[in-house]
file entry_29.csv (CSV, C-alpha atoms)
chain,number,residue,atom,x,y,z
A,1021,MET,CA,0.0,0.0,0.0
A,1022,LEU,CA,1.5,3.4,-1.0
A,1023,ILE,CA,1.7,6.4,1.2
A,1024,GLY,CA,-1.3,8.2,-0.3
A,1025,GLU,CA,-3.6,5.2,0.3
A,1026,VAL,CA,-2.3,4.8,3.8
A,1027,ALA,CA,-2.9,8.5,4.6
A,1028,ARG,CA,-6.4,8.2,3.3
A,1029,ARG,CA,-7.3,5.1,5.3
A,1030,SER,CA,-5.6,6.0,8.5
A,1031,GLY,CA,-6.4,9.7,8.6
A,1032,VAL,CA,-2.7,10.5,9.1
A,1033,SER,CA,-1.3,12.9,6.6
A,1034,ALA,CA,1.5,11.9,4.3
A,1035,ARG,CA,3.6,14.7,5.7
A,1036,MET,CA,3.1,13.3,9.2
A,1037,LEU,CA,3.9,9.8,8.1
A,1038,ARG,CA,7.2,11.1,6.6
A,1039,HIS,CA,7.9,12.9,9.9
A,1040,TYR,CA,7.3,9.6,11.8
A,1041,GLU,CA,9.8,7.9,9.5
A,1042,SER,CA,12.4,10.7,10.0
A,1043,LEU,CA,12.2,10.1,13.8
A,1044,GLY,CA,12.5,6.3,13.4
A,1045,LEU,CA,9.0,5.7,14.6
A,1046,LEU,CA,7.8,4.2,11.4
A,1047,ARG,CA,9.7,2.2,8.8
A,1048,PRO,CA,7.9,1.2,5.6
A,1049,SER,CA,8.4,-2.5,4.9
A,1050,GLY,CA,9.6,-1.9,1.4
A,1051,ARG,CA,9.9,0.3,-1.7
A,1052,THR,CA,8.4,-0.1,-5.2
A,1053,GLY,CA,10.5,-0.3,-8.2
A,1054,SER,CA,10.1,3.4,-8.7
A,1055,GLY,CA,11.3,4.1,-5.1
A,1056,TYR,CA,7.9,4.8,-3.5
A,1057,ARG,CA,7.3,3.8,0.1
A,1058,GLU,CA,5.2,0.7,0.4
A,1059,TYR,CA,3.4,-0.2,3.7
A,1060,ALA,CA,2.4,-3.6,4.8
A,1061,ALA,CA,-0.4,-4.5,7.2
A,1062,GLU,CA,2.0,-4.6,10.1
A,1063,ASP,CA,3.1,-1.0,9.3
A,1064,ILE,CA,-0.6,0.1,9.3
A,1065,ARG,CA,-1.1,-1.5,12.7
A,1066,ARG,CA,1.9,0.4,14.0
A,1067,ILE,CA,0.5,3.7,12.7
A,1068,PHE,CA,-2.7,3.1,14.6
A,1069,HIS,CA,-0.7,2.2,17.7
A,1070,ILE,CA,1.2,5.5,17.4
A,1071,GLU,CA,-2.0,7.5,17.0
A,1072,SER,CA,-3.6,5.8,20.0
A,1073,LEU,CA,-0.7,6.6,22.2
A,1074,ARG,CA,-0.6,10.2,20.9
A,1075,SER,CA,-4.3,10.5,21.9
A,1076,LEU,CA,-3.2,9.7,25.5
A,1077,GLY,CA,-0.8,12.7,25.5
A,1078,LEU,CA,2.5,10.8,25.1
A,1079,SER,CA,5.3,12.6,23.3
A,1080,LEU,CA,6.7,11.0,20.1
A,1081,ARG,CA,9.9,10.0,22.0
A,1082,GLU,CA,7.8,8.3,24.7
A,1083,ILE,CA,5.8,6.5,22.0
A,1084,GLY,CA,9.0,5.2,20.5
A,1085,ARG,CA,10.1,3.8,23.8
A,1086,ALA,CA,6.7,2.3,24.5
A,1087,LEU,CA,6.6,0.5,21.1
A,1088,ASP,CA,10.3,-0.6,20.8
A,1089,ASP,CA,11.6,-1.2,24.3
A,1090,PRO,CA,10.6,-4.7,25.4
A,1091,GLY,CA,11.3,-3.8,29.1
A,1092,PHE,CA,9.2,-0.7,29.0
A,1093,ALA,CA,6.7,-0.6,31.9
A,1094,PRO,CA,3.7,1.6,31.1
A,1095,SER,CA,2.3,2.0,34.6
A,1096,ALA,CA,4.8,4.7,35.7
A,1097,LEU,CA,4.2,6.6,32.5
A,1098,VAL,CA,0.4,6.4,32.8
A,1099,ASP,CA,0.6,7.6,36.4
A,1100,ASP,CA,2.7,10.6,35.2
A,1101,LEU,CA,0.3,11.3,32.4
A,1102,ILE,CA,-2.6,11.3,35.0
A,1103,ARG,CA,-0.7,13.8,37.1
A,1104,GLN,CA,0.1,16.1,34.2
A,1105,THR,CA,-3.5,16.0,33.0
A,1106,ARG,CA,-4.8,16.9,36.4
A,1107,GLU,CA,-2.4,19.8,36.6
A,1108,ARG,CA,-3.4,20.9,33.2
A,1109,ILE,CA,-7.1,20.7,34.0
A,1110,ALA,CA,-6.6,22.6,37.3
A,1111,ALA,CA,-4.7,25.4,35.4
A,1112,GLU,CA,-7.4,25.6,32.8
A,1113,THR,CA,-10.2,25.6,35.4
A,1114,GLU,CA,-8.4,28.4,37.2
A,1115,LEU,CA,-8.1,30.4,34.0
A,1116,LEU,CA,-11.8,29.8,33.2
A,1117,THR,CA,-12.8,31.0,36.6
A,1118,ARG,CA,-10.7,34.1,36.3
A,1119,LEU,CA,-12.1,34.9,32.9
A,1120,SER,CA,-15.7,34.3,34.1
A,1121,ARG,CA,-15.1,36.7,37.0
A,1122,ILE,CA,-13.7,39.4,34.8
A,1123,GLY,CA,-16.6,38.9,32.4
A,1124,ALA,CA,-19.1,39.2,35.3
A,1125,VAL,CA,-17.7,42.7,36.0
A,1126,GLY,CA,-18.8,43.8,32.6
A,1127,PRO,CA,-15.6,45.6,31.6
A,1128,ALA,CA,-16.2,48.6,29.2
A,1129,ASP,CA,-12.6,48.7,28.0
A,1130,TRP,CA,-9.2,47.1,28.4
A,1131,GLU,CA,-8.4,49.4,31.3
A,1132,ASP,CA,-11.3,47.9,33.2
A,1133,VAL,CA,-10.1,44.4,32.4
A,1134,LEU,CA,-6.5,45.2,33.6
A,1135,GLN,CA,-7.9,46.7,36.8
A,1136,ALA,CA,-10.0,43.6,37.5
A,1137,VAL,CA,-7.1,41.3,36.8
A,1138,SER,CA,-4.9,43.4,39.2
A,1139,VAL,CA,-7.5,43.2,42.0
A,1140,LEU,CA,-8.1,39.5,41.6
A,1141,GLN,CA,-4.4,38.9,41.7
A,1142,ALA,CA,-4.0,41.0,44.8
A,1143,LEU,CA,-6.7,39.0,46.6
A,1144,GLY,CA,-4.5,36.0,46.1
A,1145,SER,CA,-1.3,37.8,47.2
A,1146,LYS,CA,0.9,36.5,49.9
A,1147,SER,CA,0.9,40.0,51.4
A,1148,ALA,CA,-1.9,40.6,53.9
A,1149,ALA,CA,-1.6,44.4,53.2
A,1150,ALA,CA,-2.1,43.8,49.5
A,1151,ARG,CA,-5.1,41.6,50.1
A,1152,GLN,CA,-6.7,44.1,52.5
A,1153,ARG,CA,-6.2,46.9,49.9
A,1154,ALA,CA,-7.8,44.8,47.3
A,1155,ALA,CA,-10.8,44.0,49.5
A,1156,LEU,CA,-11.3,47.7,50.3
A,1157,SER,CA,-10.9,48.8,46.7
A,1158,SER,CA,-13.4,46.2,45.5
A,1159,VAL,CA,-16.3,48.3,46.8
A,1160,ASP,CA,-16.0,51.7,45.2
A,1161,GLU,CA,-13.0,51.5,42.9
A,1162,VAL,CA,-12.9,48.2,41.0
A,1163,PRO,CA,-15.9,46.0,41.1
A,1164,VAL,CA,-15.1,42.4,42.0
A,1165,PRO,CA,-17.4,39.5,41.5
A,1166,VAL,CA,-19.0,38.3,44.7
A,1167,GLU,CA,-17.7,34.7,44.0
A,1168,ALA,CA,-14.1,36.0,44.3
A,1169,LEU,CA,-14.9,37.8,47.6
A,1170,VAL,CA,-16.5,34.7,49.1
A,1171,GLU,CA,-13.6,32.5,48.0
A,1172,ALA,CA,-11.2,35.0,49.5
A,1173,VAL,CA,-13.0,35.4,52.8
A,1174,LEU,CA,-13.4,31.6,53.3
A,1175,SER,CA,-9.7,31.1,53.0
A,1176,GLU,CA,-8.4,34.2,54.8
A,1177,THR,CA,-6.5,33.7,58.0
A,1178,ASP,CA,-5.5,37.3,58.7
A,1179,THR,CA,-8.1,39.0,61.1
A,1180,ASN,CA,-7.8,42.4,59.5
A,1181,VAL,CA,-8.1,41.2,56.0
A,1182,ALA,CA,-11.0,39.0,56.9
A,1183,GLY,CA,-12.8,41.9,58.4
A,1184,ALA,CA,-12.2,44.0,55.2
A,1185,LEU,CA,-13.6,41.2,53.1
A,1186,ARG,CA,-16.7,40.7,55.3
A,1187,TRP,CA,-17.2,44.5,55.0
A,1188,ALA,CA,-16.9,44.3,51.2
A,1189,LEU,CA,-19.4,41.5,51.0
A,1190,ALA,CA,-21.8,43.3,53.3
A,1191,ARG,CA,-21.6,46.3,51.0
A,1192,SER,CA,-22.6,44.1,48.1
A,1193,GLY,CA,-26.1,44.1,49.5
A,1194,GLY,CA,-26.3,40.5,50.7
A,1195,ALA,CA,-25.0,38.9,47.5
A,1196,GLY,CA,-23.1,35.7,48.1
A,1197,THR,CA,-25.4,34.3,50.8
A,1198,ALA,CA,-25.9,31.0,49.0
A,1199,LEU,CA,-22.1,30.6,48.4
A,1200,LEU,CA,-21.4,31.3,52.1
A,1201,ALA,CA,-24.1,28.7,53.1
A,1202,GLU,CA,-22.2,26.2,51.0
A,1203,GLY,CA,-19.2,27.1,53.1
A,1204,LEU,CA,-21.1,25.9,56.2
A,1205,ALA,CA,-20.8,22.4,54.8
A,1206,SER,CA,-17.1,22.5,54.5
A,1207,PRO,CA,-15.1,19.6,56.2
A,1208,ALA,CA,-12.8,22.3,57.6
A,1209,ALA,CA,-14.0,23.8,60.9
A,1210,ALA,CA,-12.1,27.1,60.2
A,1211,VAL,CA,-13.9,27.5,56.9
A,1212,ARG,CA,-17.3,26.8,58.5
A,1213,GLU,CA,-16.6,29.5,61.2
A,1214,ARG,CA,-15.5,32.0,58.6
A,1215,ALA,CA,-18.7,31.3,56.6
A,1216,VAL,CA,-21.1,31.9,59.5
A,1217,GLN,CA,-19.2,35.0,60.7
A,1218,CYS,CA,-19.6,36.5,57.3
A,1219,LEU,CA,-23.3,35.5,57.1
A,1220,ALA,CA,-23.7,37.2,60.5
A,1221,GLU,CA,-22.6,40.5,58.9
A,1222,LEU,CA,-24.6,40.3,55.7
A,1223,PRO,CA,-27.9,42.3,55.7
A,1224,GLY,CA,-31.2,41.1,54.5
A,1225,GLU,CA,-33.7,38.3,55.0
A,1226,GLY,CA,-31.6,35.9,52.9
A,1227,ALA,CA,-28.8,35.9,55.4
A,1228,THR,CA,-31.3,35.6,58.3
A,1229,VAL,CA,-32.8,32.5,56.7
A,1230,ARG,CA,-29.4,30.9,56.4
A,1231,LEU,CA,-28.6,31.8,60.0
A,1232,ARG,CA,-31.9,30.2,61.2
A,1233,GLU,CA,-30.9,27.1,59.3
A,1234,ALA,CA,-27.5,27.2,61.0
A,1235,LEU,CA,-29.1,26.8,64.5
A,1236,ALA,CA,-29.4,23.1,63.7
A,1237,HIS,CA,-25.9,22.8,62.4
A,1238,PRO,CA,-23.9,19.9,64.0
A,1239,ASP,CA,-20.9,22.3,64.6
A,1240,VAL,CA,-21.4,23.9,68.0
A,1241,VAL,CA,-19.3,26.9,66.9
A,1242,VAL,CA,-21.5,27.5,63.9
A,1243,ARG,CA,-24.6,27.3,66.0
A,1244,GLY,CA,-23.2,29.8,68.5
A,1245,HIS,CA,-22.3,32.4,65.9
A,1246,ALA,CA,-25.7,32.0,64.3
A,1247,ALA,CA,-27.5,32.4,67.6
A,1248,LEU,CA,-25.6,35.5,68.6
A,1249,ALA,CA,-26.3,37.1,65.2
A,1250,LEU,CA,-30.0,36.2,65.3
A,1251,GLY,CA,-30.2,37.6,68.8
A,1252,THR,CA,-29.1,41.0,67.5
A,1253,ARG,CA,-31.7,40.7,64.7
A,1254,GLY,CA,-34.5,40.0,67.2
A,1255,VAL,CA,-35.1,36.4,66.1
A,1256,ALA,CA,-36.5,34.5,69.2
A,1257,GLU,CA,-35.6,31.1,67.6
A,1258,ALA,CA,-32.1,31.6,68.9
A,1259,VAL,CA,-33.2,31.5,72.6
A,1260,PRO,CA,-32.6,27.8,73.2
A,1261,THR,CA,-29.1,27.9,71.7
A,1262,LEU,CA,-28.2,31.1,73.6
A,1263,THR,CA,-29.4,29.4,76.8
A,1264,ASP,CA,-27.2,26.4,76.1
A,1265,MET,CA,-24.2,28.8,75.5
A,1266,VAL,CA,-24.8,30.3,79.0
A,1267,VAL,CA,-24.9,26.9,80.7
A,1268,GLU,CA,-21.9,25.6,78.8
A,1269,GLY,CA,-19.8,28.8,79.2
A,1270,ARG,CA,-19.3,29.3,75.4
A,1271,ASN,CA,-19.4,33.1,74.8
A,1272,ASP,CA,-21.8,33.1,77.8
A,1273,THR,CA,-21.5,36.9,78.4
A,1274,ASP,CA,-22.4,37.7,74.7
A,1275,ALA,CA,-25.1,35.0,74.9
A,1276,ALA,CA,-26.6,36.6,78.0
A,1277,ASP,CA,-26.5,40.0,76.4
A,1278,ALA,CA,-28.3,38.6,73.3
A,1279,LEU,CA,-31.0,37.1,75.6
A,1280,SER,CA,-31.6,40.5,77.3
A,1281,MET,CA,-31.9,42.1,73.8
A,1282,LEU,CA,-34.5,39.6,72.8
A,1283,ALA,CA,-36.5,40.1,76.0
A,1284,GLY,CA,-38.1,43.3,74.6
A,1285,ASP,CA,-41.7,42.3,75.3
A,1286,ASP,CA,-43.3,40.8,78.3
A,1287,ALA,CA,-44.2,37.5,76.7
A,1288,THR,CA,-40.7,36.9,75.3
A,1289,ALA,CA,-39.1,38.0,78.6
A,1290,GLU,CA,-41.2,35.5,80.6
A,1291,ARG,CA,-40.4,32.7,78.1
A,1292,ILE,CA,-36.6,33.4,78.3
A,1293,ALA,CA,-36.7,33.6,82.1
A,1294,GLY,CA,-38.7,30.4,82.2
A,1295,GLY,CA,-36.1,28.6,80.1
A,1296,LEU,CA,-33.3,29.9,82.4
A,1297,VAL,CA,-35.1,28.8,85.5
A,1298,GLU,CA,-35.7,25.3,84.0
A,1299,ARG,CA,-32.0,24.9,83.4
A,1300,LEU,CA,-31.3,26.1,86.9
A,1301,ALA,CA,-33.5,23.3,88.3
A,1302,ASP,CA,-32.0,20.7,86.0
A,1303,ASP,CA,-29.8,18.2,88.0
A,1304,ALA,CA,-27.5,17.9,84.9
A,1305,THR,CA,-26.6,21.6,85.2
A,1306,GLU,CA,-23.2,21.9,87.0
A,1307,ALA,CA,-22.4,24.5,89.6
A,1308,PRO,CA,-20.6,27.0,87.2
A,1309,GLY,CA,-23.5,26.8,84.8
A,1310,ARG,CA,-25.9,27.6,87.6
A,1311,VAL,CA,-23.9,30.7,88.5
A,1312,ARG,CA,-23.9,31.9,84.9
A,1313,LEU,CA,-27.7,31.3,84.6
A,1314,THR,CA,-28.2,33.4,87.7
A,1315,GLN,CA,-26.1,36.2,86.2
A,1316,ALA,CA,-28.1,35.9,82.9
A,1317,LEU,CA,-31.4,36.5,84.8
A,1318,ALA,CA,-30.1,39.9,86.0
A,1319,ASP,CA,-31.0,41.7,82.7
A,1320,ILE,CA,-34.2,39.8,82.0
A,1321,PRO,CA,-37.2,41.9,83.0
A,1322,GLY,CA,-40.4,40.6,84.5
A,1323,PRO,CA,-41.8,38.8,87.5
A,1324,THR,CA,-40.3,35.4,86.8
A,1325,ALA,CA,-36.7,36.7,86.8
A,1326,SER,CA,-37.3,38.8,89.9
A,1327,ARG,CA,-39.0,36.0,91.9
A,1328,THR,CA,-36.3,33.5,90.9
A,1329,LEU,CA,-33.4,35.8,91.9
A,1330,ALA,CA,-35.1,36.4,95.3
A,1331,GLU,CA,-35.4,32.6,95.8
A,1332,LEU,CA,-31.8,32.1,94.8
A,1333,VAL,CA,-30.6,34.3,97.6
A,1334,HIS,CA,-31.2,31.3,99.8
A,1335,ASP,CA,-29.7,28.7,97.4
A,1336,ASP,CA,-27.6,25.9,98.9
A,1337,ASP,CA,-24.8,26.8,96.5
A,1338,ARG,CA,-23.0,29.7,98.1
A,1339,ALA,CA,-21.7,31.1,94.8
A,1340,VAL,CA,-25.2,31.2,93.4
A,1341,ALA,CA,-26.6,32.8,96.6
A,1342,VAL,CA,-24.0,35.5,96.7
A,1343,THR,CA,-24.5,36.3,93.0
A,1344,ALA,CA,-28.2,36.4,93.5
A,1345,THR,CA,-28.0,38.7,96.5
A,1346,TYR,CA,-25.9,41.2,94.6
A,1347,LEU,CA,-28.2,41.1,91.6
A,1348,VAL,CA,-31.3,41.5,93.7
A,1349,ARG,CA,-29.8,44.7,95.2
A,1350,LEU,CA,-28.8,45.9,91.8
A,1351,ARG,CA,-32.3,45.4,90.4
A,1352,GLU,CA,-33.9,47.1,93.4
A,1353,GLY,CA,-31.7,50.1,92.9
A,1354,ARG,CA,-32.8,50.6,89.3

call {"tool": "encode", "arguments": {"input": "entry_29.csv", "output": "structure tokens"}}
result
Amino acid sequence: MLIGEVARRSGVSARMLRHYESLGLLRPSGRTGSGYREYAAEDIRRIFHIESLRSLGLSLREIGRALDDPGFAPSALVDDLIRQTRERIAAETELLTRLSRIGAVGPADWEDVLQAVSVLQALGSKSAAARQRAALSSVDEVPVPVEALVEAVLSETDTNVAGALRWALARSGGAGTALLAEGLASPAAAVRERAVQCLAELPGEGATVRLREALAHPDVVVRGHAALALGTRGVAEAVPTLTDMVVEGRNDTDAADALSMLAGDDATAERIAGGLVERLADDATEAPGRVRLTQALADIPGPTASRTLAELVHDDDRAVAVTATYLVRLREGR
């Protein structure tokens, strides 16, 4: 079979076949009387082997080794190809993400594109100062897609930069709520905490809904941040979690303050006080927790809190009795 026919049947151009021959990959079995290359069935099979290996990403030199070296072990090469392919996919995915974010900004000219690229690069800088400047500039100077801000805030370890990123997201009007909610499902505890802290600073009902959902989160830290944020928003669903925080001593002072903020009407105040009293009477509540519950009653208005504090003056636990005595006098002096 002559080279033209081989090219037609194999789909490999005659020029490429000659190139394979020049590299020693392919050797026609014979020549015609006129000197034309003549290919046998075995040559055709080798051509298809070459093309198959090329489709896997092997270089022509690697293909030559694979076909001609009897001791060649393909497993190591395949593993290396897998690694290279993954690296290439990751790089392409990163490029696609960056292009999508620049496109989302809606650049009017190349100056806008260059500014967006600069800010996106700065958000990934090793310099905390550069990241902070990028976060602050993303609000008024160079618009940055909310996806980039969320990605940055969920990975940020510097306190000041994280605060700037949360501020930038808050200024975006509550955008990014769904992405932050996805962060609550992260296997990394630090990421989950950053996500709920950011949700706590986002305005709007969307963030409040996500914080309500977070009250049932298996991570106690996430539940605590959500409860404190909901307390400042006047959401009474946070009361049980806030009460748990007082008992357990987790941000108990902030939790007690949030409970007092929620006790704005008589009915809610009585419900909060009733919950605190119930935990005081629970045999499972340890002594330090009973003291903290007593302290939390101090800023809850209404008859239940006042009556309970008066009774606790005579409590068997001296620390509780002393605390209650002080708080009763303080309430009477108001």

call {"tool": "closest_residue", "arguments": {"input": "entry_29.csv", "among": "A:Pro1260, A:Gly1244, A:Gly1309, A:Pro1238", "to": "Val1216 of chain A", "atoms": "all atoms listed in the file"}}
result
A:Gly1244

call {"tool": "residues_near_point", "arguments": {"input": "entry_29.csv", "point": "(3.9, 0.6, 14.6)", "cutoff": "12 Å", "atoms": "only C-alpha atoms", "output": "PyMOL selection string"}}
result
chain A and resi 1037+1040-1041+1044-1049+1059-1073+1083-1088

call {"tool": "residues_near_point", "arguments": {"input": "entry_29.csv", "point": "(-32.3, 37.3, 72.8)", "cutoff": "9 Å", "atoms": "all atoms listed in the file", "output": "mmCIF file with C-alpha atoms, in the frame of the given file"}}
result
data_model
loop_
_atom_site.group_PDB
_atom_site.id
_atom_site.type_symbol
_atom_site.label_atom_id
_atom_site.label_comp_id
_atom_site.auth_asym_id
_atom_site.auth_seq_id
_atom_site.Cartn_x
_atom_site.Cartn_y
_atom_site.Cartn_z
ATOM 1 C CA ALA A 1247 -27.500 32.400 67.600
ATOM 2 C CA LEU A 1248 -25.600 35.500 68.600
ATOM 3 C CA LEU A 1250 -30.000 36.200 65.300
ATOM 4 C CA GLY A 1251 -30.200 37.600 68.800
ATOM 5 C CA THR A 1252 -29.100 41.000 67.500
ATOM 6 C CA ARG A 1253 -31.700 40.700 64.700
ATOM 7 C CA GLY A 1254 -34.500 40.000 67.200
ATOM 8 C CA VAL A 1255 -35.100 36.400 66.100
ATOM 9 C CA ALA A 1256 -36.500 34.500 69.200
ATOM 10 C CA GLU A 1257 -35.600 31.100 67.600
ATOM 11 C CA ALA A 1258 -32.100 31.600 68.900
ATOM 12 C CA VAL A 1259 -33.200 31.500 72.600
ATOM 13 C CA LEU A 1262 -28.200 31.100 73.600
ATOM 14 C CA ALA A 1275 -25.100 35.000 74.900
ATOM 15 C CA ALA A 1276 -26.600 36.600 78.000
ATOM 16 C CA ASP A 1277 -26.500 40.000 76.400
ATOM 17 C CA ALA A 1278 -28.300 38.600 73.300
ATOM 18 C CA LEU A 1279 -31.000 37.100 75.600
ATOM 19 C CA SER A 1280 -31.600 40.500 77.300
ATOM 20 C CA MET A 1281 -31.900 42.100 73.800
ATOM 21 C CA LEU A 1282 -34.500 39.600 72.800
ATOM 22 C CA ALA A 1283 -36.500 40.100 76.000
ATOM 23 C CA GLY A 1284 -38.100 43.300 74.600
ATOM 24 C CA THR A 1288 -40.700 36.900 75.300
ATOM 25 C CA ALA A 1289 -39.100 38.000 78.600
ATOM 26 C CA ILE A 1292 -36.600 33.400 78.300
#

call {"tool": "atom_distance", "arguments": {"input": "entry_29.csv", "atom1": "atom CA of Leu1296 of chain A", "atom2": "atom CA of Glu1213 of chain A"}}
result
27.0 Å

call {"tool": "closest_residue", "arguments": {"input": "entry_29.csv", "among": "A:His1237, A:Ala1182, A:Leu1101, A:Ala1190", "to": "Ser1079 of chain A", "atoms": "all atoms listed in the file"}}
result
A:Leu1101

call {"tool": "closest_residue", "arguments": {"input": "entry_29.csv", "among": "A:Gly1226, A:Ile1102, A:Glu1058, A:Thr1179", "to": "Val1026 of chain A", "atoms": "only C-alpha atoms"}}
result
A:Glu1058

call {"tool": "residues_around", "arguments": {"input": "entry_29.csv", "residues": "Gly1224 of chain A", "least_positions_apart": "4", "cutoff": "8 Å", "atoms": "all atoms listed in the file", "output": "MDAnalysis selection string"}}
result
chainID A and resid 1193:1194 1228

call {"tool": "closest_residue", "arguments": {"input": "entry_29.csv", "among": "A:Leu1200, A:Val1240, A:Ala1249, A:Leu1329", "to": "Asp1264 of chain A", "atoms": "only C-alpha atoms"}}
result
A:Val1240

call {"tool": "residues_around", "arguments": {"input": "entry_29.csv", "residues": "Trp1187 of chain A", "least_positions_apart": "5", "cutoff": "12 Å", "atoms": "only C-alpha atoms", "output": "list in words"}}
result
Gln1152, Ala1155, Leu1156, Ser1157, Ser1158, Val1159, Leu1169, Val1170, Val1173, Asn1180, Val1181, Ala1182, Ser1192, Gly1193, Gly1194, Gln1217, Cys1218, Leu1219, Ala1220, Glu1221, Leu1222 and Pro1223 of chain A

call {"tool": "residues_around", "arguments": {"input": "entry_29.csv", "residues": "segment 1343-1349 of chain A", "least_positions_apart": "6", "cutoff": "12 Å", "atoms": "all atoms listed in the file", "output": "ChimeraX atom specification"}}
result
/A:1308,1310-1320,1325-1337

call {"tool": "atom_distance", "arguments": {"input": "entry_29.csv", "atom1": "atom CA of Ser1042 of chain A", "atom2": "atom CA of Gly1091 of chain A"}}
result
24.0 Å

call {"tool": "atom_distance", "arguments": {"input": "entry_29.csv", "atom1": "atom CA of Arg1057 of chain A", "atom2": "atom CA of Arg1029 of chain A"}}
result
15.6 Å

call {"tool": "closest_residue", "arguments": {"input": "entry_29.csv", "among": "A:Ala1341, A:Met1036, A:Ala1246, A:Leu1189", "to": "Leu1080 of chain A", "atoms": "only C-alpha atoms"}}
result
A:Met1036

call {"tool": "decode", "arguments": {"input": "entry_29.csv", "residues": "segment 1047-1060 of chain A", "atoms": "N, CA, C and O atoms", "output": "tab-separated table (two decimals), in the first residue's frame"}}
result
chain	number	residue	atom	x	y	z
A	1047	ARG	N	8.81	2.62	9.85
A	1047	ARG	CA	9.72	2.20	8.78
A	1047	ARG	C	8.91	1.38	7.75
A	1047	ARG	O	8.51	0.25	8.05
A	1048	PRO	N	8.65	1.97	6.59
A	1048	PRO	CA	7.92	1.22	5.57
A	1048	PRO	C	8.61	-0.11	5.26
A	1048	PRO	O	9.85	-0.20	5.23
A	1049	SER	N	7.81	-1.13	5.05
A	1049	SER	CA	8.37	-2.47	4.87
A	1049	SER	C	9.16	-2.60	3.57
A	1049	SER	O	10.04	-3.46	3.44
A	1050	GLY	N	8.84	-1.75	2.60
A	1050	GLY	CA	9.56	-1.90	1.35
A	1050	GLY	C	9.41	-0.68	0.46
A	1050	GLY	O	8.85	0.35	0.87
A	1051	ARG	N	9.96	-0.79	-0.72
A	1051	ARG	CA	9.87	0.26	-1.73
A	1051	ARG	C	9.45	-0.37	-3.05
A	1051	ARG	O	9.78	-1.54	-3.35
A	1052	THR	N	8.74	0.39	-3.83
A	1052	THR	CA	8.36	-0.09	-5.16
A	1052	THR	C	9.58	0.05	-6.08
A	1052	THR	O	10.61	0.64	-5.71
A	1053	GLY	N	9.44	-0.47	-7.27
A	1053	GLY	CA	10.53	-0.35	-8.21
A	1053	GLY	C	10.86	1.09	-8.52
A	1053	GLY	O	11.99	1.42	-8.91
A	1054	SER	N	9.86	1.95	-8.37
A	1054	SER	CA	10.08	3.37	-8.66
A	1054	SER	C	10.59	4.13	-7.43
A	1054	SER	O	10.77	5.35	-7.47
A	1055	GLY	N	10.75	3.42	-6.30
A	1055	GLY	CA	11.27	4.06	-5.10
A	1055	GLY	C	10.21	4.58	-4.14
A	1055	GLY	O	10.54	5.23	-3.14
A	1056	TYR	N	8.94	4.34	-4.44
A	1056	TYR	CA	7.89	4.81	-3.53
A	1056	TYR	C	7.80	3.92	-2.30
A	1056	TYR	O	8.01	2.70	-2.38
A	1057	ARG	N	7.47	4.53	-1.18
A	1057	ARG	CA	7.30	3.78	0.06
A	1057	ARG	C	6.11	2.82	-0.07
A	1057	ARG	O	5.06	3.19	-0.57
A	1058	GLU	N	6.31	1.64	0.47
A	1058	GLU	CA	5.24	0.66	0.42
A	1058	GLU	C	5.04	0.11	1.85
A	1058	GLU	O	5.98	-0.32	2.51
A	1059	TYR	N	3.76	0.18	2.27
A	1059	TYR	CA	3.44	-0.17	3.66
A	1059	TYR	C	2.68	-1.49	3.71
A	1059	TYR	O	1.72	-1.70	2.96
A	1060	ALA	N	3.13	-2.36	4.63
A	1060	ALA	CA	2.45	-3.64	4.84
A	1060	ALA	C	1.41	-3.50	5.95
A	1060	ALA	O	1.31	-2.46	6.61
